[in-house]
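So this block is run_1.csv, CSV, C-alpha atoms:
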chain,number,residue,atom,x,y,z
A,1,MET,CA,-72.9,232.0,-1.5
A,2,GLN,CA,-75.5,230.2,0.6
A,3,ILE,CA,-75.4,227.2,-1.6
A,4,LYS,CA,-71.6,226.9,-1.3
A,5,LYS,CA,-71.9,227.1,2.5
A,6,TYR,CA,-74.2,224.1,2.6
A,7,LYS,CA,-71.9,222.1,0.4
A,8,TYR,CA,-69.3,222.3,3.2
A,9,TYR,CA,-71.8,221.4,6.1
A,10,ILE,CA,-73.8,218.5,4.6
A,11,PRO,CA,-70.9,216.0,4.3
A,12,VAL,CA,-69.9,216.8,7.9
A,13,LEU,CA,-73.4,216.1,9.2
A,14,ILE,CA,-73.5,212.8,7.2
A,15,ILE,CA,-70.2,211.7,8.7
A,16,MET,CA,-71.3,212.5,12.2
A,17,SER,CA,-74.7,210.7,11.8
A,18,THR,CA,-72.9,207.7,10.4
A,19,GLY,CA,-70.6,207.6,13.4
A,20,MET,CA,-73.4,207.8,15.9
A,21,LEU,CA,-75.3,205.0,14.2
A,22,ALA,CA,-72.2,202.9,14.3
A,23,ALA,CA,-71.7,203.6,17.9
A,24,CYS,CA,-75.3,202.6,18.7
A,25,SER,CA,-75.0,199.5,16.6
A,26,GLY,CA,-71.9,198.5,18.4
A,27,SER,CA,-73.5,199.1,21.8
A,28,SER,CA,-76.5,197.0,20.7
A,29,ALA,CA,-74.4,194.3,19.4
A,30,LYS,CA,-72.4,194.2,22.6
A,31,LYS,CA,-75.7,193.9,24.6
A,32,GLU,CA,-76.9,191.2,22.3
A,33,ASN,CA,-73.7,189.3,22.7
A,34,ASP,CA,-73.7,189.7,26.4
A,35,SER,CA,-77.4,188.7,26.9
A,36,PRO,CA,-77.2,185.0,26.2
A,37,GLN,CA,-74.1,184.7,28.4
A,38,THR,CA,-75.8,186.6,31.2
A,39,ALA,CA,-78.9,184.4,30.9
A,40,ASN,CA,-76.9,181.3,30.8
A,41,VAL,CA,-75.1,182.3,34.0
A,42,LYS,CA,-78.5,182.9,35.7
A,43,THR,CA,-80.3,179.8,34.5
A,44,ALA,CA,-77.5,177.2,34.3
A,45,LYS,CA,-78.0,174.3,36.7
A,46,SER,CA,-75.1,172.6,38.4
A,47,ASP,CA,-74.6,169.0,37.2
A,48,ASN,CA,-72.3,168.2,40.1
A,49,ILE,CA,-72.9,169.3,43.7
A,50,THR,CA,-70.1,169.4,46.2
A,51,LEU,CA,-70.7,169.6,49.9
A,52,THR,CA,-68.5,169.3,53.0
A,53,GLU,CA,-69.2,166.8,55.7
A,54,ALA,CA,-70.2,169.7,58.0
A,55,GLN,CA,-72.7,170.9,55.4
A,56,MET,CA,-74.1,167.4,55.0
A,57,LYS,CA,-74.5,167.0,58.7
A,58,ASN,CA,-76.3,170.4,59.0
A,59,VAL,CA,-78.9,169.5,56.4
A,60,GLY,CA,-79.3,165.8,57.3
A,61,ILE,CA,-77.7,164.2,54.3
A,62,GLU,CA,-76.5,160.6,54.8
A,63,ILE,CA,-74.8,158.4,52.3
A,64,GLY,CA,-74.6,154.7,51.9
A,65,PRO,CA,-74.5,151.8,49.4
A,66,ILE,CA,-77.4,150.7,47.3
A,67,THR,CA,-78.3,147.4,48.9
A,68,GLN,CA,-80.2,144.3,47.8
A,69,LYS,CA,-83.5,143.9,49.7
A,70,ASN,CA,-86.0,141.1,49.7
A,71,LEU,CA,-89.1,143.0,48.8
A,72,ASP,CA,-92.5,141.5,47.9
A,73,ALA,CA,-93.7,141.8,44.4
A,74,VAL,CA,-97.3,142.9,44.5
A,75,ILE,CA,-100.4,143.2,42.5
A,76,LYS,CA,-102.5,146.3,43.0
A,77,ALA,CA,-106.3,145.8,43.3
A,78,ASN,CA,-109.3,147.9,44.4
A,79,GLY,CA,-112.3,146.8,46.3
A,80,GLN,CA,-114.8,147.2,49.1
A,81,LEU,CA,-115.3,145.8,52.6
A,82,ALA,CA,-118.2,143.3,52.9
A,83,VAL,CA,-119.6,140.7,55.2
A,84,PRO,CA,-120.6,137.1,54.3
A,85,PRO,CA,-124.4,136.5,53.7
A,86,GLN,CA,-124.7,134.6,57.0
A,87,ASN,CA,-123.5,137.6,58.9
A,88,ARG,CA,-126.0,140.0,57.5
A,89,ALA,CA,-129.7,139.6,58.3
A,90,ASP,CA,-132.9,141.3,57.1
A,91,VAL,CA,-135.4,141.3,59.9
A,92,SER,CA,-138.8,140.6,58.4
A,93,ILE,CA,-142.1,139.4,59.6
A,94,LEU,CA,-144.1,136.3,58.6
A,95,SER,CA,-147.5,137.7,59.4
A,96,GLY,CA,-148.7,141.2,58.7
A,97,GLY,CA,-149.7,143.6,61.4
A,98,VAL,CA,-149.2,146.9,63.1
A,99,ILE,CA,-145.9,147.7,64.8
A,100,SER,CA,-146.8,148.4,68.4
A,101,ARG,CA,-143.3,148.9,69.6
A,102,ILE,CA,-139.7,149.2,68.4
A,103,SER,CA,-137.3,148.2,71.2
A,104,VAL,CA,-133.9,149.1,69.6
A,105,LEU,CA,-132.0,152.0,68.0
A,106,GLU,CA,-129.8,152.1,65.0
A,107,GLY,CA,-126.2,151.2,65.9
A,108,GLN,CA,-127.2,149.2,69.0
A,109,GLN,CA,-125.5,145.9,69.7
A,110,VAL,CA,-128.0,143.0,70.0
A,111,ASN,CA,-127.8,139.3,70.6
A,112,ARG,CA,-129.5,136.5,68.8
A,113,GLY,CA,-133.1,136.0,70.0
A,114,GLN,CA,-133.3,139.5,71.5
A,115,VAL,CA,-136.7,141.2,71.0
A,116,LEU,CA,-136.4,144.0,68.4
A,117,ALA,CA,-140.0,145.0,67.9
A,118,THR,CA,-143.6,143.8,68.7
A,119,ILE,CA,-146.3,143.4,66.1
A,120,SER,CA,-150.0,143.4,66.9
A,121,ASN,CA,-152.1,141.1,64.8
A,122,GLN,CA,-155.8,140.2,65.3
A,123,ASP,CA,-155.5,137.0,63.3
A,124,LEU,CA,-153.0,135.7,65.9
A,125,ILE,CA,-155.9,135.5,68.4
A,126,LYS,CA,-157.8,133.1,66.1
A,127,ILE,CA,-154.7,130.9,65.6
A,128,GLN,CA,-154.4,130.6,69.4
A,129,GLN,CA,-158.1,129.8,69.8
A,130,ASP,CA,-157.9,127.1,67.1
A,131,TYR,CA,-154.9,125.6,68.8
A,132,LEU,CA,-156.5,125.4,72.2
A,133,ALA,CA,-159.7,123.9,70.7
A,134,ALA,CA,-157.6,121.3,68.8
A,135,LYS,CA,-155.7,120.5,72.1
A,136,SER,CA,-159.0,120.1,74.0
A,137,ASN,CA,-160.6,117.9,71.3
A,138,PHE,CA,-157.5,115.8,71.1
A,139,THR,CA,-158.0,114.6,74.6
A,140,TYR,CA,-161.2,112.8,73.6
A,141,ILE,CA,-159.7,111.5,70.3
A,142,GLN,CA,-156.6,110.1,72.1
A,143,ALA,CA,-158.8,108.4,74.7
A,144,GLU,CA,-161.0,106.8,72.0
A,145,PHE,CA,-157.9,105.7,70.1
A,146,ASN,CA,-156.4,104.0,73.2
A,147,ARG,CA,-159.8,102.2,73.9
A,148,GLN,CA,-160.0,100.9,70.3
A,149,ARG,CA,-156.4,99.7,70.5
A,150,GLN,CA,-157.1,97.8,73.7
A,151,LEU,CA,-160.1,96.1,72.2
A,152,GLN,CA,-158.1,95.3,69.1
A,153,ASP,CA,-155.4,93.7,71.2
A,154,ALA,CA,-158.0,91.7,73.2
A,155,GLY,CA,-159.7,90.5,70.0
A,156,ALA,CA,-163.0,92.1,71.0
A,157,GLY,CA,-163.0,95.0,68.6
A,158,THR,CA,-163.3,95.3,64.9
A,159,GLY,CA,-160.4,96.3,62.7
A,160,LYS,CA,-162.5,99.0,60.9
A,161,SER,CA,-163.2,100.9,64.2
A,162,PHE,CA,-159.6,100.7,65.2
A,163,GLN,CA,-158.4,102.0,61.9
A,164,SER,CA,-160.9,104.9,62.0
A,165,ALA,CA,-159.8,105.9,65.5
A,166,GLN,CA,-156.2,105.7,64.5
A,167,ALA,CA,-156.7,107.9,61.4
A,168,THR,CA,-158.6,110.5,63.4
A,169,TYR,CA,-155.8,110.5,66.1
A,170,ASN,CA,-153.0,111.0,63.5
A,171,ALA,CA,-154.9,113.8,61.7
A,172,GLU,CA,-155.6,115.7,64.9
A,173,LEU,CA,-152.1,115.2,66.2
A,174,SER,CA,-150.7,116.6,62.9
A,175,ARG,CA,-153.1,119.6,63.1
A,176,ILE,CA,-151.8,120.4,66.6
A,177,LYS,CA,-148.1,120.1,65.5
A,178,ALA,CA,-148.9,122.5,62.7
A,179,PHE,CA,-150.4,125.1,65.1
A,180,GLU,CA,-147.4,124.7,67.4
A,181,SER,CA,-145.0,125.2,64.5
A,182,GLN,CA,-146.9,128.3,63.4
A,183,LEU,CA,-146.8,129.8,66.9
A,184,ARG,CA,-143.1,129.1,67.2
A,185,GLN,CA,-142.4,130.9,63.9
A,186,LEU,CA,-144.1,133.9,65.4
A,187,SER,CA,-141.8,133.5,68.5
A,188,ILE,CA,-144.7,132.5,70.7
A,189,ASN,CA,-144.2,129.5,73.1
A,190,PRO,CA,-147.1,127.0,72.7
A,191,GLY,CA,-146.6,126.0,76.4
A,192,HIS,CA,-147.5,129.6,77.4
A,193,ILE,CA,-150.7,129.4,75.4
A,194,ASN,CA,-151.7,126.1,77.1
A,195,SER,CA,-152.0,128.0,80.3
A,196,GLY,CA,-154.7,130.1,78.7
A,197,ASN,CA,-152.6,133.2,78.2
A,198,ILE,CA,-153.7,134.4,74.8
A,199,VAL,CA,-151.7,137.3,73.4
A,200,SER,CA,-152.6,139.8,70.7
A,201,GLY,CA,-149.1,140.5,69.5
A,202,PHE,CA,-146.0,138.6,68.7
A,203,PRO,CA,-142.3,139.7,69.1
A,204,VAL,CA,-139.8,140.1,66.3
A,205,VAL,CA,-136.5,138.7,67.4
A,206,SER,CA,-132.9,139.1,66.0
A,207,PRO,CA,-131.8,136.1,63.9
A,208,ILE,CA,-128.1,136.8,64.6
A,209,THR,CA,-125.8,138.6,67.0
A,210,GLY,CA,-124.7,142.0,65.6
A,211,THR,CA,-125.4,145.7,65.2
A,212,VAL,CA,-128.7,147.1,64.2
A,213,GLY,CA,-128.5,148.8,60.8
A,214,LYS,CA,-131.1,150.9,59.1
A,215,ILE,CA,-134.6,150.7,60.7
A,216,SER,CA,-137.0,151.2,57.8
A,217,ALA,CA,-140.4,151.2,59.7
A,218,ASN,CA,-142.0,153.3,62.5
A,219,THR,CA,-144.3,152.6,65.4
A,220,GLY,CA,-147.9,152.4,64.3
A,221,ALA,CA,-147.1,151.4,60.7
A,222,PHE,CA,-148.8,148.5,59.1
A,223,VAL,CA,-146.4,146.0,57.5
A,224,GLN,CA,-147.1,143.3,55.1
A,225,PRO,CA,-145.9,139.7,55.5
A,226,GLY,CA,-142.3,139.3,54.3
A,227,THR,CA,-141.5,143.0,54.8
A,228,SER,CA,-138.1,143.8,56.2
A,229,ILE,CA,-138.3,146.4,59.0
A,230,MET,CA,-134.6,146.6,59.8
A,231,GLU,CA,-131.2,144.9,59.3
A,232,VAL,CA,-128.7,143.4,61.7
A,233,VAL,CA,-125.0,143.1,60.6
A,234,ASP,CA,-122.3,141.1,62.3
A,235,ASN,CA,-118.9,142.8,61.4
A,236,SER,CA,-116.8,140.2,63.3
A,237,LYS,CA,-116.4,138.3,60.0
A,238,ILE,CA,-115.9,141.3,57.8
A,239,HIS,CA,-113.8,140.7,54.7
A,240,CYS,CA,-112.8,142.4,51.5
A,241,ASP,CA,-114.0,141.8,47.9
A,242,LEU,CA,-111.2,142.8,45.5
A,243,THR,CA,-111.4,143.1,41.7
A,244,VAL,CA,-108.4,141.4,40.0
A,245,PHE,CA,-108.1,141.7,36.3
A,246,GLU,CA,-107.4,138.9,33.9
A,247,LYS,CA,-103.8,139.8,33.3
A,248,ASP,CA,-102.9,139.3,37.0
A,249,LEU,CA,-105.3,136.5,37.8
A,250,MET,CA,-102.9,133.6,37.4
A,251,GLN,CA,-100.5,135.1,40.0
A,252,VAL,CA,-103.1,135.2,42.7
A,253,LYS,CA,-103.3,132.2,45.0
A,254,LEU,CA,-105.1,131.2,48.2
A,255,GLY,CA,-103.2,132.2,51.4
A,256,GLN,CA,-101.3,135.1,49.9
A,257,LYS,CA,-100.7,138.1,52.2
A,258,VAL,CA,-102.6,141.3,51.5
A,259,ASN,CA,-102.0,144.8,52.7
A,260,PHE,CA,-105.1,147.0,52.7
A,261,GLN,CA,-105.2,150.8,52.6
A,262,LEU,CA,-108.5,152.4,53.5
A,263,THR,CA,-108.9,155.1,50.9
A,264,ASN,CA,-111.2,157.5,52.7
A,265,GLN,CA,-109.9,156.8,56.3
A,266,GLY,CA,-106.6,158.7,56.3
A,267,ASP,CA,-104.9,155.8,54.5
A,268,MET,CA,-105.3,153.5,57.5
A,269,MET,CA,-103.5,150.2,56.9
A,270,ILE,CA,-104.8,146.7,57.8
A,271,THR,CA,-103.6,143.3,56.8
A,272,GLY,CA,-105.2,140.0,55.7
A,273,LYS,CA,-104.9,137.0,53.3
A,274,ILE,CA,-106.6,135.6,50.3
A,275,ASN,CA,-109.3,133.0,51.2
A,276,GLY,CA,-111.4,132.7,48.1
A,277,ILE,CA,-111.3,133.3,44.3
A,278,ASN,CA,-114.4,133.4,42.1
A,279,LYS,CA,-114.5,131.4,39.0
A,280,SER,CA,-116.4,133.8,36.8
A,281,PHE,CA,-115.9,137.3,35.4
A,282,GLU,CA,-117.9,140.2,36.7
A,283,ASN,CA,-120.1,141.7,33.9
A,284,GLU,CA,-117.9,142.9,31.1
A,285,SER,CA,-115.0,144.3,33.2
A,286,LYS,CA,-112.9,141.2,32.7
A,287,GLY,CA,-112.3,141.3,36.4
A,288,VAL,CA,-112.7,138.4,38.9
A,289,ILE,CA,-113.8,139.0,42.5
A,290,VAL,CA,-111.1,137.8,45.0
A,291,HIS,CA,-112.1,137.4,48.7
A,292,ALA,CA,-109.7,138.3,51.4
A,293,GLU,CA,-110.2,137.8,55.1
A,294,ILE,CA,-109.1,140.7,57.4
A,295,ASP,CA,-106.9,140.5,60.5
A,296,ASN,CA,-108.8,142.9,62.8
A,297,ARG,CA,-107.4,141.9,66.2
A,298,GLN,CA,-107.1,145.6,67.0
A,299,HIS,CA,-110.9,145.9,66.6
A,300,LYS,CA,-110.8,148.9,64.3
A,301,ASN,CA,-114.2,150.3,63.3
A,302,LEU,CA,-114.5,148.6,59.9
A,303,ILE,CA,-117.8,149.1,58.1
A,304,PRO,CA,-119.1,147.2,55.0
A,305,GLY,CA,-118.9,149.4,51.9
A,306,MET,CA,-115.6,151.1,52.8
A,307,TYR,CA,-113.3,151.5,49.8
A,308,VAL,CA,-109.8,150.0,49.9
A,309,THR,CA,-106.7,149.8,47.8
A,310,ALA,CA,-105.0,146.4,48.2
A,311,LEU,CA,-101.5,145.2,47.5
A,312,ILE,CA,-101.5,141.4,47.1
A,313,SER,CA,-98.0,139.9,47.8
A,314,ILE,CA,-97.1,137.3,45.1
A,315,GLY,CA,-93.6,136.4,46.4
A,316,SER,CA,-90.3,138.1,47.5
A,317,HIS,CA,-87.1,138.5,45.6
A,318,PRO,CA,-83.8,140.5,46.1
A,319,VAL,CA,-83.8,143.8,44.3
A,320,PRO,CA,-81.7,147.0,44.5
A,321,ALA,CA,-83.4,149.2,46.9
A,322,VAL,CA,-83.0,152.5,48.8
A,323,PRO,CA,-85.1,154.3,51.5
A,324,VAL,CA,-88.2,155.9,50.0
A,325,GLU,CA,-86.9,159.4,50.8
A,326,ALA,CA,-83.8,158.8,48.7
A,327,VAL,CA,-85.9,159.1,45.6
A,328,VAL,CA,-86.8,162.6,44.4
A,329,ARG,CA,-89.2,163.6,41.6
A,330,SER,CA,-88.8,166.4,39.1
A,331,GLY,CA,-90.5,167.1,35.8
A,332,GLY,CA,-92.4,163.8,36.0
A,333,ARG,CA,-89.2,161.8,36.4
A,334,GLN,CA,-87.6,160.1,39.4
A,335,TYR,CA,-83.9,160.5,40.5
A,336,ILE,CA,-81.4,159.4,43.1
A,337,TYR,CA,-78.2,161.3,43.9
A,338,ILE,CA,-75.0,159.2,43.4
A,339,VAL,CA,-71.7,160.0,45.1
A,340,THR,CA,-69.2,160.7,42.3
A,341,GLY,CA,-66.2,161.8,44.2
A,342,GLU,CA,-64.6,162.2,47.7
A,343,GLU,CA,-61.9,164.7,48.4
A,344,ALA,CA,-60.0,165.7,51.6
A,345,GLN,CA,-58.4,169.2,51.8
A,346,SER,CA,-57.1,171.0,54.8
A,347,GLY,CA,-58.6,168.4,57.1
A,348,LYS,CA,-62.0,168.7,55.6
A,349,THR,CA,-63.7,166.0,53.5
A,350,SER,CA,-66.1,167.0,50.8
A,351,TYR,CA,-68.3,164.8,48.6
A,352,SER,CA,-69.6,165.4,45.0
A,353,PHE,CA,-73.1,164.3,44.0
A,354,LYS,CA,-74.7,163.8,40.6
A,355,LYS,CA,-78.3,162.8,40.0
A,356,ALA,CA,-79.2,159.6,38.2
A,357,GLU,CA,-82.6,158.9,36.7
A,358,VAL,CA,-84.4,155.7,37.9
A,359,THR,CA,-87.7,154.0,37.7
A,360,THR,CA,-89.2,152.5,40.8
A,361,GLY,CA,-90.9,149.2,41.6
A,362,VAL,CA,-92.0,147.5,44.8
A,363,MET,CA,-92.2,149.5,48.0
A,364,GLU,CA,-92.2,147.8,51.4
A,365,LEU,CA,-91.2,148.6,55.0
A,366,GLY,CA,-89.8,152.0,54.0
A,367,TYR,CA,-87.7,150.8,51.1
A,368,ILE,CA,-88.4,151.1,47.4
A,369,GLU,CA,-87.0,149.1,44.5
A,370,ILE,CA,-85.0,151.2,41.9
A,371,LYS,CA,-84.1,150.5,38.3
A,372,PRO,CA,-81.4,152.9,37.0
A,373,MET,CA,-81.9,154.1,33.5
A,374,ASN,CA,-78.2,154.0,32.9
A,375,SER,CA,-75.7,151.6,34.5
A,376,LEU,CA,-74.2,152.8,37.8
A,377,PRO,CA,-70.6,152.3,39.0
A,378,ALA,CA,-69.8,149.2,40.9
A,379,ASN,CA,-70.4,149.6,44.7
A,380,ALA,CA,-72.0,153.0,44.0
A,381,LYS,CA,-73.0,155.1,47.0
A,382,ALA,CA,-76.1,157.3,47.1
A,383,ALA,CA,-77.7,159.9,49.3
A,384,LEU,CA,-80.0,157.8,51.4
A,385,LYS,CA,-81.3,160.8,53.4
A,386,GLY,CA,-81.6,164.5,52.5
A,387,ALA,CA,-81.9,163.9,48.7
A,388,PHE,CA,-84.6,166.6,48.6
A,389,TYR,CA,-81.9,169.2,49.7
A,390,LEU,CA,-79.6,168.2,46.9
A,391,GLU,CA,-82.5,168.5,44.4
A,392,SER,CA,-83.3,172.0,45.7
A,393,LYS,CA,-79.7,173.0,45.4
A,394,ALA,CA,-79.4,171.6,41.9
A,395,GLU,CA,-82.5,173.6,40.9
A,396,GLY,CA,-80.9,176.7,42.3
A,397,GLY,CA,-83.2,176.9,45.3
A,398,SER,CA,-80.4,177.0,47.9
A,399,ASP,CA,-77.2,179.0,48.1
A,400,ASP,CA,-75.9,177.5,51.3
A,401,ASP,CA,-72.2,176.8,51.2
Translate the structure of the given file into structure tokens.
Amino acid sequence: MQIKKYKYYIPVLIIMSTGMLAACSGSSAKKENDSPQTANVKTAKSDNITLTEAQMKNVGIEIGPITQKNLDAVIKANGQLAVPPQNRADVSILSGGVISRISVLEGQQVNRGQVLATISNQDLIKIQQDYLAAKSNFTYIQAEFNRQRQLQDAGAGTGKSFQSAQATYNAELSRIKAFESQLRQLSINPGHINSGNIVSGFPVVSPITGTVGKISANTGAFVQPGTSIMEVVDNSKIHCDLTVFEKDLMQVKLGQKVNFQLTNQGDMMITGKINGINKSFENESKGVIVHAEIDNRQHKNLIPGMYVTALISIGSHPVPAVPVEAVVRSGGRQYIYIVTGEEAQSGKTSYSFKKAEVTTGVMELGYIEIKPMNSLPANAKAALKGAFYLESKAEGGSDDD
């Protein structure tokens, strides 16, 4: 009896289980069918964006034609600020000695001939003594030479005596001139020594007008002859040394305008022009040094060694251009937004926009050259301002209506 009972119940259970599985499968299938549609609705990006004039005004969108602008084609180069060799001086000494005084500080402005330091040297005393002795002895030699010349002119003297006096006179005169030259090189006036004022030190003077750079010696230090104790730099003739590579070299000419951007100075901009092109490559870089003078009428604090990025203008030509802010970047690409339609309804005008991929070229005076990847309609208009808002809306970042 029990067995018969189960015969009736088992088929019923199987049918019920089958129905439940079918219902679950249907529900799952329905969810699976709905998921892609739901995801597509959430992630789909609008290809066309429509805004009314009021909305455009609120977010600062302005439209206008893509115009032809005369923009300079440029070559980009990197370099450093420098000064000509004649505007940088190493202050060195001709005779060794002990530094008794340093009269200037680093960064101080000095004039040519100004005393920078004083060197004490005991050998200097001997030079002055020898000079004064030669001057004293020369008085007798000169008198003897004049006497022999008078005798020679009168026919009373001998030619041999006159020639001997003349040789002695010339030799002693040369010796005195050598002493005077040596004293002048040490910045000592020989006339001052003639008065009997013997000094034990000599001044070190600035060879140029400029700013004192690094001082590499201290008071009391002994310095050898030829040792540089400081440098003086005149930045009034500062220029820029740029490295231009072989592929661009033929386009660079004397007199071309250059815009410099100081890399580490908040992108400060200065201008100049090419005034020299080297005729040899630098090492193995296949780059040539190009010199550019700088227009520094605003007296900006330019220092040799500052790094710059330069744009060398090689000529202007008309190109399609838009304001720099009309170009937006997304996913490593560049786009502008083109007006694809204009519609008036109920007294309100609305505009439709669609983005077009472009590449960019020369940038100057707030405009940038564009090269559309696909041809644009004739007389196409674009969003010249506020393109970033359109990009945000296209990416789903704004729901403003």
**Prompt:** Which one is closest to A:Gly315: A:Gln256, A:Thr209, A:Gln163, A:Thr219? Count only C-alpha atoms.
**Reply:**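 Ranking A:Gln256, A:Thr209, A:Gln163, A:Thr219 by distance to A:Gly315, first place goes to A:Gln256.
Pairwise distance (atom CA of A:Leu94, atom CA of A:Gln122) equals 14.0 Å.
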**Asked** Pick from A:Leu81, A:Leu105, A:Met250, A:Leu262: nearest to A:Ala217, with all atoms listed in the file counted?
**Response**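 The answer is A:Leu105, which sits nearest to A:Ala217.
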**Asked** Which residues come within 12 Å of A:Asn146, counting only C-alpha atoms, excluding same-chain residues fewer than 6 positions away, as a ChimeraX atom specification?
**Response** /A:139-140,152-153,161-163,165-166,168-169
**Message:** Just the number, please: distance in Å from atom CA of A:Ile368 to atom CA of A:Ile336, one decimal.
**Reply:**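 Atom CA of A:Ile336 lies 11.7 Å from atom CA of A:Ile368.
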**Request:** Identify, on the basis of all atoms listed in the file, every residue whose closest approach to A:Gly107 does not exceed 9 Å; exclude the query and any residue fewer than 3 positions from it along the same chain; express the result as a list in words.
**Result:**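 Those residues are Val104, Thr211, Val212, Gly213 and Lys214 of chain A.
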**Item:** Selected residue of minimal separation from A:Gly287 among A:Phe245, A:Tyr307, A:Tyr131, A:Phe145, counting only C-alpha atoms
**Value:**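 Ranked by minimum distance to A:Gly287, first place goes to A:Phe245.
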Rows by chain and residue number, stretch 59-117 of chain A within 10 Å of stretch 174-194 of chain A, shortest pair, all atoms listed in the file, as a tab-separated table:
residue	atom	partner	partner_atom	distance
A:Ile93	CA	A:Leu186	CA	8.2
A:Leu94	CA	A:Leu186	CA	7.2
A:Ser95	CA	A:Leu186	CA	7.9
A:Gly113	CA	A:Ser187	CA	9.2
A:Val115	CA	A:Ser187	CA	9.6
**stretch 310-312 of chain A surroundings by only C-alpha atoms, 6 Å radius, close-in-sequence under 5 positions cut, as a count of residues only** = 8
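Proximity of A:Asp241, A:Glu342, A:Glu391, A:Glu231 to A:Arg329, computed with all atoms listed in the file, is greatest for A:Glu391.
Between atom CA of A:Ser375 and atom CA of A:Val327 there is a distance of 16.8 Å.
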**Request:** Would you kindly return, as a ChimeraX atom specification, each protein, DNA or RNA residue with an atom no farther than 6 Å from any atom of A:Arg88, considering all atoms listed in the file and excluding same-chain residues fewer than 2 positions away?
**Result:** /A:85-86,233
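The residue set within 8 Å of A:Val98, counting all atoms listed in the file and dropping same-chain residues fewer than 6 places from it, reads Ile119, Ser120, Asn121, Thr219, Gly220, Ala221, Phe222 and Val223 of chain A.
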**Request:** Rank nothing, just name the residue among A:Lys57, A:His291, A:Arg101, A:Arg147 nearest to A:Ala82, using all atoms listed in the file.
**Result:**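 The closest residue to A:Ala82 is A:His291.
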